[in-house]
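Read through the structure below, which is laid out as structure tokens, and then see the notes.
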Amino acid sequence: MSLIAIDMDGTLLNHQNEISEENIKAIRDAQEKGIEVVISTGRAYFDVRKICEKAGLSTIVIGTNGATIHAKDEKRISATTIERDHVQSILQWLDERAYYYEVFTDTAIYTPRQVREHFYHEIQKMKSADLDADMKEVVEEAERQFDQFGYVFVENYQDILKQEEDVYNILVCSFDKGKLAEGWKQFAAFDALTVASSAHHNIEITSKNTSKGIALEKLATLINRSLDQAMAIGDSNNDLSMLQKVKYSVAMGNAKDEVKEVCTMTTLKNNEHGVAHAIYQYLENLMITTGENL
């Protein structure tokens, strides 16, 4: 049997940051048929666990854009960190230019209090402005981000470095496209880093040996599952690496155009239970191609 890898934000989660009953049922139906369902997200593992516990789901979790893999029993089975010297240089560069950023570790999501407050006020100001539909969605995405579990507020980046914790992912946010592009250019030039994006207002920085695709390949080997019949579902740039590893690549109806272009099919939007729709189509296709009574 194979597996299904599912992104969270913009994919499994609706606009209330919840997993719909339709999606919960579809995941359970797939699991009952022997399919390994994997959550693959940029979120921290401890945040994913809270969401899944509320939904009554138990899955393997690829977290922080592939930097971590946790088994169903919560044991961490893989981790890839950003080198400490690089963490320091990244945070110093971001701090000097007043970027809003979040630093993901095993225990917390660290963020400087002052830039957090500034970004929050920027969101509130934009919410009251006359925005087009696309920009309104970008602002709502940014606001939903603050619902994550595990935030720890610090005074400056030196306070983060003092924790001496391994860093898996650094999320950088801005509504200024030019500022985001500058950040992307700065860190993409580092051979030791990978830069991706999970929303229009952010970039995400991980080790060069980290991506959802790399983690999915590693996991498939560890649990002896094949990607030849696997399915992955996503909506953003940071999902591309895993979508390109599987036979059935599914873009959400709300996915970016570049994601839809590389996928074998497009499902409904995240607010329309698109994950459930894709899962049931996948199970039907497996029955036809394998001749098995799943």
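By convention here, the chains of the structure tokens are called A, B, ... in the order presented, each chain's residues are numbered starting at 1, and ligands are numbered starting at 1 in the order presented.
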Exercise for the section: Within 8 Å of A:Asp166, counting only C-alpha atoms, which residues show up once you throw out same-chain ones fewer than 4 positions away? Write them as a PyMOL selection string, please. Expected result: chain A and resi 81-82+84+105-106
Problem - A:Leu222 surroundings by only C-alpha atoms, 10 Å radius, close-in-sequence under 5 positions cut, as a PyMOL selection string - result: chain A and resi 77+216-217
Practice task
For stretch 141-152 of chain A, work out the shell of residues within 8 Å, counting only C-alpha atoms and skipping chain neighbours fewer than 4 positions away, then give it as an MDAnalysis selection string.
Solution key: chainID A and resid 15:17 46:47 50 107:111 120 123 137 199 201
Now that the selection is made, can you save its residues with N, CA, C and O atoms as an mmCIF file, in the first residue's frame?
data_model
loop_
_atom_site.group_PDB
_atom_site.id
_atom_site.type_symbol
_atom_site.label_atom_id
_atom_site.label_comp_id
_atom_site.auth_asym_id
_atom_site.auth_seq_id
_atom_site.Cartn_x
_atom_site.Cartn_y
_atom_site.Cartn_z
ATOM 1 N N HIS A 15 -10.646 28.218 6.325
ATOM 2 C CA HIS A 15 -10.321 29.586 6.708
ATOM 3 C C HIS A 15 -10.477 29.850 8.202
ATOM 4 O O HIS A 15 -10.098 30.924 8.688
ATOM 5 N N GLN A 16 -11.007 28.885 8.931
ATOM 6 C CA GLN A 16 -11.082 28.994 10.399
ATOM 7 C C GLN A 16 -9.931 28.242 11.066
ATOM 8 O O GLN A 16 -9.938 28.033 12.284
ATOM 9 N N ASN A 17 -8.944 27.835 10.247
ATOM 10 C CA ASN A 17 -7.794 27.063 10.750
ATOM 11 C C ASN A 17 -8.230 25.761 11.396
ATOM 12 O O ASN A 17 -7.646 25.305 12.388
ATOM 13 N N PHE A 46 4.652 20.567 17.246
ATOM 14 C CA PHE A 46 3.786 20.710 18.421
ATOM 15 C C PHE A 46 2.489 21.447 18.074
ATOM 16 O O PHE A 46 1.453 21.209 18.682
ATOM 17 N N ASP A 47 2.532 22.318 17.084
ATOM 18 C CA ASP A 47 1.334 23.012 16.624
ATOM 19 C C ASP A 47 0.420 22.053 15.859
ATOM 20 O O ASP A 47 -0.795 22.020 16.069
ATOM 21 N N LYS A 50 -1.513 19.675 18.165
ATOM 22 C CA LYS A 50 -2.687 20.297 18.791
ATOM 23 C C LYS A 50 -3.885 20.266 17.848
ATOM 24 O O LYS A 50 -5.013 19.953 18.246
ATOM 25 N N THR A 107 10.782 23.345 20.713
ATOM 26 C CA THR A 107 9.913 23.696 21.832
ATOM 27 C C THR A 107 9.059 24.938 21.621
ATOM 28 O O THR A 107 8.085 25.152 22.354
ATOM 29 N N ALA A 108 9.419 25.782 20.644
ATOM 30 C CA ALA A 108 8.738 27.073 20.550
ATOM 31 C C ALA A 108 8.863 27.683 19.159
ATOM 32 O O ALA A 108 9.668 27.251 18.324
ATOM 33 N N ILE A 109 8.034 28.733 18.956
ATOM 34 C CA ILE A 109 8.179 29.621 17.809
ATOM 35 C C ILE A 109 8.576 30.975 18.392
ATOM 36 O O ILE A 109 7.756 31.675 18.980
ATOM 37 N N TYR A 110 9.853 31.314 18.261
ATOM 38 C CA TYR A 110 10.361 32.555 18.840
ATOM 39 C C TYR A 110 10.181 33.717 17.867
ATOM 40 O O TYR A 110 10.433 33.583 16.659
ATOM 41 N N THR A 111 9.744 34.857 18.403
ATOM 42 C CA THR A 111 9.621 36.052 17.576
ATOM 43 C C THR A 111 9.826 37.295 18.435
ATOM 44 O O THR A 111 9.367 37.334 19.585
ATOM 45 N N TYR A 120 1.428 43.125 13.453
ATOM 46 C CA TYR A 120 0.019 43.002 13.826
ATOM 47 C C TYR A 120 -0.735 44.296 13.504
ATOM 48 O O TYR A 120 -1.837 44.262 12.930
ATOM 49 N N ILE A 123 -1.334 44.627 9.847
ATOM 50 C CA ILE A 123 -2.461 43.789 9.416
ATOM 51 C C ILE A 123 -3.785 44.497 9.699
ATOM 52 O O ILE A 123 -4.671 44.563 8.833
ATOM 53 N N GLU A 137 -7.256 38.484 0.757
ATOM 54 C CA GLU A 137 -6.941 37.104 1.129
ATOM 55 C C GLU A 137 -5.531 36.996 1.706
ATOM 56 O O GLU A 137 -5.294 36.256 2.667
ATOM 57 N N ALA A 199 3.032 31.211 1.311
ATOM 58 C CA ALA A 199 1.951 32.187 1.136
ATOM 59 C C ALA A 199 2.524 33.418 0.441
ATOM 60 O O ALA A 199 3.747 33.597 0.377
ATOM 61 N N HIS A 201 2.735 36.361 1.352
ATOM 62 C CA HIS A 201 3.363 37.364 2.209
ATOM 63 C C HIS A 201 4.608 36.831 2.923
ATOM 64 O O HIS A 201 5.124 37.508 3.820
#
Exercise for the section: Write out as a count of residues only each polymer residue whose atoms come within 9 Å of A:His70, counting only C-alpha atoms; drop sequence neighbours fewer than 6 positions from it. Expected result: 9
Practice task
Would you list, as a count of residues only, the residues of stretch 234-268 of chain A that end up in alpha helix (DSSP H) under DSSP run on this structure's backbone?
Solution key: 10
Practice task
Select from stretch 27-200 of chain A everything DSSP, run on the backbone, classes as strand (DSSP E), then give the selection as JSON, numbers by chain.
Solution key: {"A": [36, 37, 38, 39, 40, 60, 61, 62, 63, 68, 69, 70, 76, 77, 78, 79, 100, 101, 102, 103, 104, 109, 110, 111, 112, 151, 152, 153, 154, 169, 170, 171, 172, 173, 193, 194, 195, 196]}
Practice task
Considering only C-alpha atoms, return as a PyMOL selection string whatever protein or nucleic-acid residues lie within 12 Å of A:Asn209, sequence-local ones (same chain, fewer than 4 positions apart) excluded.
Solution key: chain A and resi 65-68+79-83+168+191-195+205+213-215+218
Handout entry: Near-A:His273 list (12 Å; only C-alpha atoms; drop same-chain fewer than 3 positions) as number ranges by chain
Key = A: 10-15, 18-27, 252-254, 267-270, 276-280
Handout entry: Shortest interatomic distance to A:Glu164 - which of A:Ser197, A:Asp85, A:Glu36, A:Leu180, counting only C-alpha atoms
Key = A:Asp85
Handout entry: Closest of A:Ile90, A:Val246, A:Ile233, A:Ala188 to A:Met8 - atom-to-atom distances counting only C-alpha atoms
Key = A:Ile233
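In terms of minimum interatomic distance to A:Tyr101, A:Gln114 ranks closest within A:Ser207, A:Gln163, A:Ser58, A:Gln114, counting only C-alpha atoms.
Counting only C-alpha atoms and comparing A:Ile6, A:Leu283, A:Leu161, A:Tyr99, the residue that lies closest to A:Ser249 is A:Ile6.
Counting from atom CA of A:Gly234, the distance to atom CA of A:Cys173 is 20.3 Å.
When only C-alpha atoms are used to compute distances to A:Ile203, the closest of the residues A:Asp7, A:Glu102, A:Glu96, A:Glu117 turns out to be A:Glu102.
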Problem - Between atom CA of A:Asp134 and atom CA of A:Gln186 - distance in Å to one decimal - result: 26.6 Å
Residues at most 10 Å from A:Asn202, counting only C-alpha atoms, excluding those fewer than 6 positions away in the same chain, as a compact mmCIF listing (two decimals) with C-alpha atoms, in the first residue's frame?
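Full text of out-v8.txt as output:
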# COMPACT_ATOMS: atom_id res chain seq x y z
CA TYR A 100 9.02 40.32 10.89
CA TYR A 101 10.28 36.77 11.46
CA VAL A 138 -3.21 37.76 1.67
CA ALA A 142 -1.24 36.61 7.60
CA LEU A 171 9.68 32.27 8.53
CA VAL A 172 9.95 35.83 7.18
CA CYS A 173 6.88 37.99 6.49
CA SER A 174 6.18 41.25 4.69
CA PHE A 175 3.41 42.79 2.58
CA ASP A 176 6.11 44.63 0.62
CA LYS A 177 6.84 42.47 -2.45
CA LEU A 180 10.31 39.89 0.23
CA ALA A 181 12.19 39.63 -3.06
CA GLY A 183 15.12 38.62 1.35
CA TRP A 184 14.69 35.76 -1.12
CA ALA A 196 10.61 28.56 -0.33
